[in-house]
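Undergrad: Quick one: the structure is below, questions incoming.
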Amino acid sequence: MNAADEPLVSLVGRDLLSVADLSAAEVSRVYQTATQLKTEFHANRRHARPPLPGRTLAMLFQKPSLRTRVSFEAGMAQLGGHAIYLTHDVVLGARESVRDVARNLERMVDAIVVRTGSHEVALELAAQANVPVINGLTLREHPCQALADIFTIQERFGRLEGLVVAFVGDGNNVYHSLALLGAAFGMEIRLAHPPGYAPNERIVSRARELADASGARLRFGHDPVDAVRGAAVIYTDAWTSMGQEAETEERRDAFAAYRVDDALLDAAGRGVLAMHCLPAHRGGEITSAVMDGPRSLIWEQSENRLHVQKALLVELLGGMPKG
Ligand code: CP
Ligand code: NVA
């Protein structure tokens, strides 16, 4: 079934733990709202009728963040609401249990964003809280990132189906969410990773189910040059994710041949663009020349975190009249 054939269901009150929690049609609806909000915002940096007045968002961040934090905090303010950033003083399961945190917050705020290592903790929070819980990154998934990434690709290329994205690096949280969403939209998602850094098998099998339904393709290999041939987008992320710092040196060796540089972009062919979720290690997984060069989509990608997450909040909190 393609996105256009799926019945539209309200997103109000839903959680977003995995990007696979939303159908392609539901994501397309978020994208319509995002486009509208982005256009309004670009016109005069504010919305004439902010759709979430008086609404509040709790942000439980157990790990550092620039983009996710600022896009949600600024986003809530622009929508007429308010965000509360909670970090070292609320360590989930330390001062009080995840359940008790959920039972307090649900009485005070309209939604929660959680950033933590353990995906199970995010799932537990969502199970316990009766307000929407949004995954702001776990070691398993980064759904807000993938939502913004696919939006960015659609905006730039004007289509998704059949488009090739080559992810070069670690089969990590960012890859997982990108593969699931790309699979739902009929894209070809390739991964070139060093032996030993394959993605989670359960995620891959879910992505394969989505790909079977949409006509998407998933490809895996170890050779970056093979992976990028004919790609529209080359995507990379840090070789060491937050929480894996003890493996930094070992990973630097394992990933040394997986750097995204101009030669790799040249191997892809004409029209290829580079993406990175950021933060980047310049001279590590990507060169400064690529990041700052004409074939970079990175800064647009970062900006779209704001627009897409605002749209997500509007849809989950029921802030705009449904068409
Ligand atoms: N890409 C991303 O999620 O960035 P932050 O870790 O800075 O939020
Ligand atoms: N894979 C990275 C993404 C950071 C936004 C991490 O988990 O640290």
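Letters A, B, ... mark the chains of the structure tokens in the order given; residue numbers begin at 1 per chain; ligand numbers begin at 1, in order shown.
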What lies within 9 Å of A:Tyr31 using only C-alpha atoms, ignoring chain neighbours under 5 positions off, as a ChimeraX atom specification?

TA: /A:26,36,147-148,151,307-308,311-312

Undergrad: Taking the backbone alone, and naming residues the way the document does, which bits of stretch 39-244 of chain A are strand (DSSP E) by DSSP, as a PyMOL selection string?

TA: chain A and resi 56-61+82-86+111-115+133-135+164-168+188-192+217-221+233-236

Undergrad: May I ask you to write as JSON, numbers by chain all residues lying at most 10 Å from ligand 1, with only C-alpha atoms and all ligand atoms counted?

TA: {"A": [61, 63, 64, 65, 66, 67, 68, 69, 70, 71, 72, 115, 136, 137, 142, 143, 144, 145, 146, 148, 174, 237, 241, 242, 276, 277, 278, 279, 280, 301, 302, 305]}

Undergrad: Which of these, A:Leu125, A:Ala102, A:Met108, A:Leu160, has the shortest distance to A:Ser28 once you count only C-alpha atoms?

TA: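 So, comparing all the options, the nearest one is A:Leu160.
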
Undergrad: What lies within 10 Å of A:Arg229 using only C-alpha atoms, ignoring chain neighbours under 4 positions off, as a list of chain:residue names?

TA: A:Val164, A:Ala166, A:Pro224, A:Val225, A:Ile234, A:Leu264, A:Leu265, A:Asp266, A:Ala267, A:Ala268, A:Gly269, A:Val272

Undergrad: Here is a test: counting only C-alpha atoms and all ligand atoms, which residue of A:Thr248, A:Asn200, A:Asn172, A:Gln32 is nearest to ligand 2?

TA: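 Closest candidate: A:Asn172.
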
Undergrad: With only C-alpha atoms as the counted atoms, please give the residues lying no more than 10 Å from A:Ala207, apart from itself and same-chain residues fewer than 4 positions off, as a PyMOL selection string.

TA: chain A and resi 20+176-184+201-203+211-213+216-218

Undergrad: Generate a file of the selected residues that holds N, CA and C atoms, formatted as an mmCIF file, in the first residue's frame.

TA:
data_model
loop_
_atom_site.group_PDB
_atom_site.id
_atom_site.type_symbol
_atom_site.label_atom_id
_atom_site.label_comp_id
_atom_site.auth_asym_id
_atom_site.auth_seq_id
_atom_site.Cartn_x
_atom_site.Cartn_y
_atom_site.Cartn_z
ATOM 1 N N ALA A 20 9.043 3.767 13.069
ATOM 2 C CA ALA A 20 8.053 2.819 12.531
ATOM 3 C C ALA A 20 6.716 2.895 13.278
ATOM 4 N N HIS A 176 19.511 3.135 11.847
ATOM 5 C CA HIS A 176 18.292 2.350 12.093
ATOM 6 C C HIS A 176 17.039 3.133 11.708
ATOM 7 N N SER A 177 16.949 4.366 12.210
ATOM 8 C CA SER A 177 15.737 5.154 11.951
ATOM 9 C C SER A 177 15.650 5.539 10.474
ATOM 10 N N LEU A 178 16.791 5.865 9.883
ATOM 11 C CA LEU A 178 16.802 6.225 8.457
ATOM 12 C C LEU A 178 16.383 5.031 7.596
ATOM 13 N N ALA A 179 16.876 3.850 7.938
ATOM 14 C CA ALA A 179 16.548 2.655 7.148
ATOM 15 C C ALA A 179 15.060 2.333 7.265
ATOM 16 N N LEU A 180 14.511 2.440 8.470
ATOM 17 C CA LEU A 180 13.078 2.141 8.665
ATOM 18 C C LEU A 180 12.207 3.125 7.882
ATOM 19 N N LEU A 181 12.551 4.398 7.950
ATOM 20 C CA LEU A 181 11.708 5.392 7.285
ATOM 21 C C LEU A 181 11.909 5.349 5.765
ATOM 22 N N GLY A 182 13.150 5.181 5.341
ATOM 23 C CA GLY A 182 13.419 5.063 3.909
ATOM 24 C C GLY A 182 12.712 3.845 3.333
ATOM 25 N N ALA A 183 12.685 2.758 4.103
ATOM 26 C CA ALA A 183 12.006 1.534 3.661
ATOM 27 C C ALA A 183 10.510 1.779 3.525
ATOM 28 N N ALA A 184 9.933 2.528 4.438
ATOM 29 C CA ALA A 184 8.494 2.811 4.374
ATOM 30 C C ALA A 184 8.155 3.663 3.149
ATOM 31 N N GLU A 201 19.737 -6.652 14.202
ATOM 32 C CA GLU A 201 19.028 -7.575 13.288
ATOM 33 C C GLU A 201 17.521 -7.406 13.342
ATOM 34 N N ARG A 202 16.995 -7.078 14.520
ATOM 35 C CA ARG A 202 15.529 -6.917 14.623
ATOM 36 C C ARG A 202 15.058 -5.692 13.844
ATOM 37 N N ILE A 203 15.880 -4.628 13.897
ATOM 38 C CA ILE A 203 15.535 -3.420 13.131
ATOM 39 C C ILE A 203 15.591 -3.744 11.637
ATOM 40 N N ALA A 211 10.022 -2.665 3.584
ATOM 41 C CA ALA A 211 10.518 -2.594 2.206
ATOM 42 C C ALA A 211 9.703 -3.516 1.296
ATOM 43 N N ASP A 212 9.352 -4.695 1.799
ATOM 44 C CA ASP A 212 8.551 -5.627 0.988
ATOM 45 C C ASP A 212 7.217 -4.990 0.630
ATOM 46 N N ALA A 213 6.656 -4.243 1.569
ATOM 47 C CA ALA A 213 5.342 -3.628 1.329
ATOM 48 C C ALA A 213 5.433 -2.419 0.394
ATOM 49 N N ALA A 216 10.714 -0.857 -1.507
ATOM 50 C CA ALA A 216 12.041 -0.316 -1.176
ATOM 51 C C ALA A 216 13.103 -1.418 -1.264
ATOM 52 N N ARG A 217 14.366 -0.994 -1.282
ATOM 53 C CA ARG A 217 15.465 -1.967 -1.266
ATOM 54 C C ARG A 217 16.429 -1.613 -0.154
ATOM 55 N N LEU A 218 16.947 -2.652 0.492
ATOM 56 C CA LEU A 218 17.965 -2.469 1.529
ATOM 57 C C LEU A 218 19.201 -3.230 1.080
#

Undergrad: With only C-alpha atoms as the basis for distance, which of A:Thr240, A:Leu273, A:Lys310, A:His47 is at the shortest distance from A:Gly293?

TA: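 Among the listed residues, A:Leu273 lies closest to A:Gly293.
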
Undergrad: Out of stretch 53-293 of chain A, which residues get helix (DSSP H, G or I) from DSSP, as JSON, numbers by chain?

TA: {"A": [67, 68, 69, 70, 71, 72, 73, 74, 75, 76, 77, 78, 98, 99, 100, 101, 102, 103, 104, 105, 106, 107, 108, 119, 120, 121, 122, 123, 124, 125, 126, 127, 128, 143, 144, 145, 146, 147, 148, 149, 150, 151, 152, 153, 154, 155, 156, 157, 173, 174, 175, 176, 177, 178, 179, 180, 181, 182, 183, 184, 201, 202, 203, 204, 205, 206, 207, 208, 209, 210, 211, 212, 213, 214, 224, 225, 226, 227, 228, 245, 246, 247, 248, 249, 250, 251, 252, 253, 254, 256, 257, 258, 262, 263, 264, 265, 266, 267, 268, 288, 289, 290, 291, 292]}

Undergrad: Would you please work out which residue, of A:Ala256, A:Ala238, A:Met275, A:Ala43, is nearest to ligand 2 when using only C-alpha atoms and all ligand atoms?

TA: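 Looking only at the distances to ligand 2, the closest residue turns out to be A:Ala238.
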
Undergrad: Compile the contact shell of A:Ala129 as a PyMOL selection string: residues with an atom at most 7 Å away, counting only C-alpha atoms, same-chain residues fewer than 2 positions apart removed.

TA: chain A and resi 102-103+106+125-127+131

Undergrad: Can you tell me, as a PyMOL selection string, what residues are no more than 12 Å from A:Val91 when counting only C-alpha atoms, ignoring any on the same chain fewer than 2 positions away?

TA: chain A and resi 59-63+86-89+93-98+101+114-117+121

Undergrad: Limited to C-alpha atoms, could you put the picked residues into a file as a compact mmCIF listing (two decimals), in the first residue's frame?

TA:
# COMPACT_ATOMS: atom_id res chain seq x y z
CA MET A 59 12.54 17.45 28.05
CA LEU A 60 14.29 14.67 29.96
CA PHE A 61 17.81 14.71 28.55
CA GLN A 62 20.29 12.26 30.06
CA LYS A 63 22.83 13.01 27.32
CA LEU A 86 15.56 18.66 32.67
CA THR A 87 18.96 17.10 32.81
CA HIS A 88 21.31 16.18 35.68
CA ASP A 89 18.70 16.80 38.37
CA GLY A 93 15.64 5.62 37.85
CA ALA A 94 18.10 7.29 40.26
CA ARG A 95 16.31 9.84 42.48
CA GLU A 96 12.99 8.21 41.64
CA SER A 97 11.75 5.46 39.39
CA VAL A 98 10.85 5.94 35.73
CA VAL A 101 8.73 10.42 37.01
CA VAL A 114 13.32 11.75 26.38
CA ARG A 115 16.98 11.33 25.42
CA THR A 116 18.67 8.38 27.07
CA GLY A 117 20.93 5.45 26.21
CA VAL A 121 13.83 3.12 29.54

Undergrad: Looking at only C-alpha atoms and all ligand atoms, which of A:Gly186, A:Gly13, A:Pro199, A:Gly243 is the one that sits closest to ligand 2?

TA: A:Gly243

Undergrad: Calculate how many Å separate atom CA of A:Val260 from atom CA of A:Ile286, rounding to one decimal.

TA: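 Between these atoms lies a distance of 4.6 Å.
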
Undergrad: Pick out the closest residue to A:Pro195 from this set: A:Arg45, A:Arg251, A:Arg208, A:Arg99. Count only C-alpha atoms.

TA: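 Residue with the minimum atom-to-atom distance to A:Pro195: A:Arg251.
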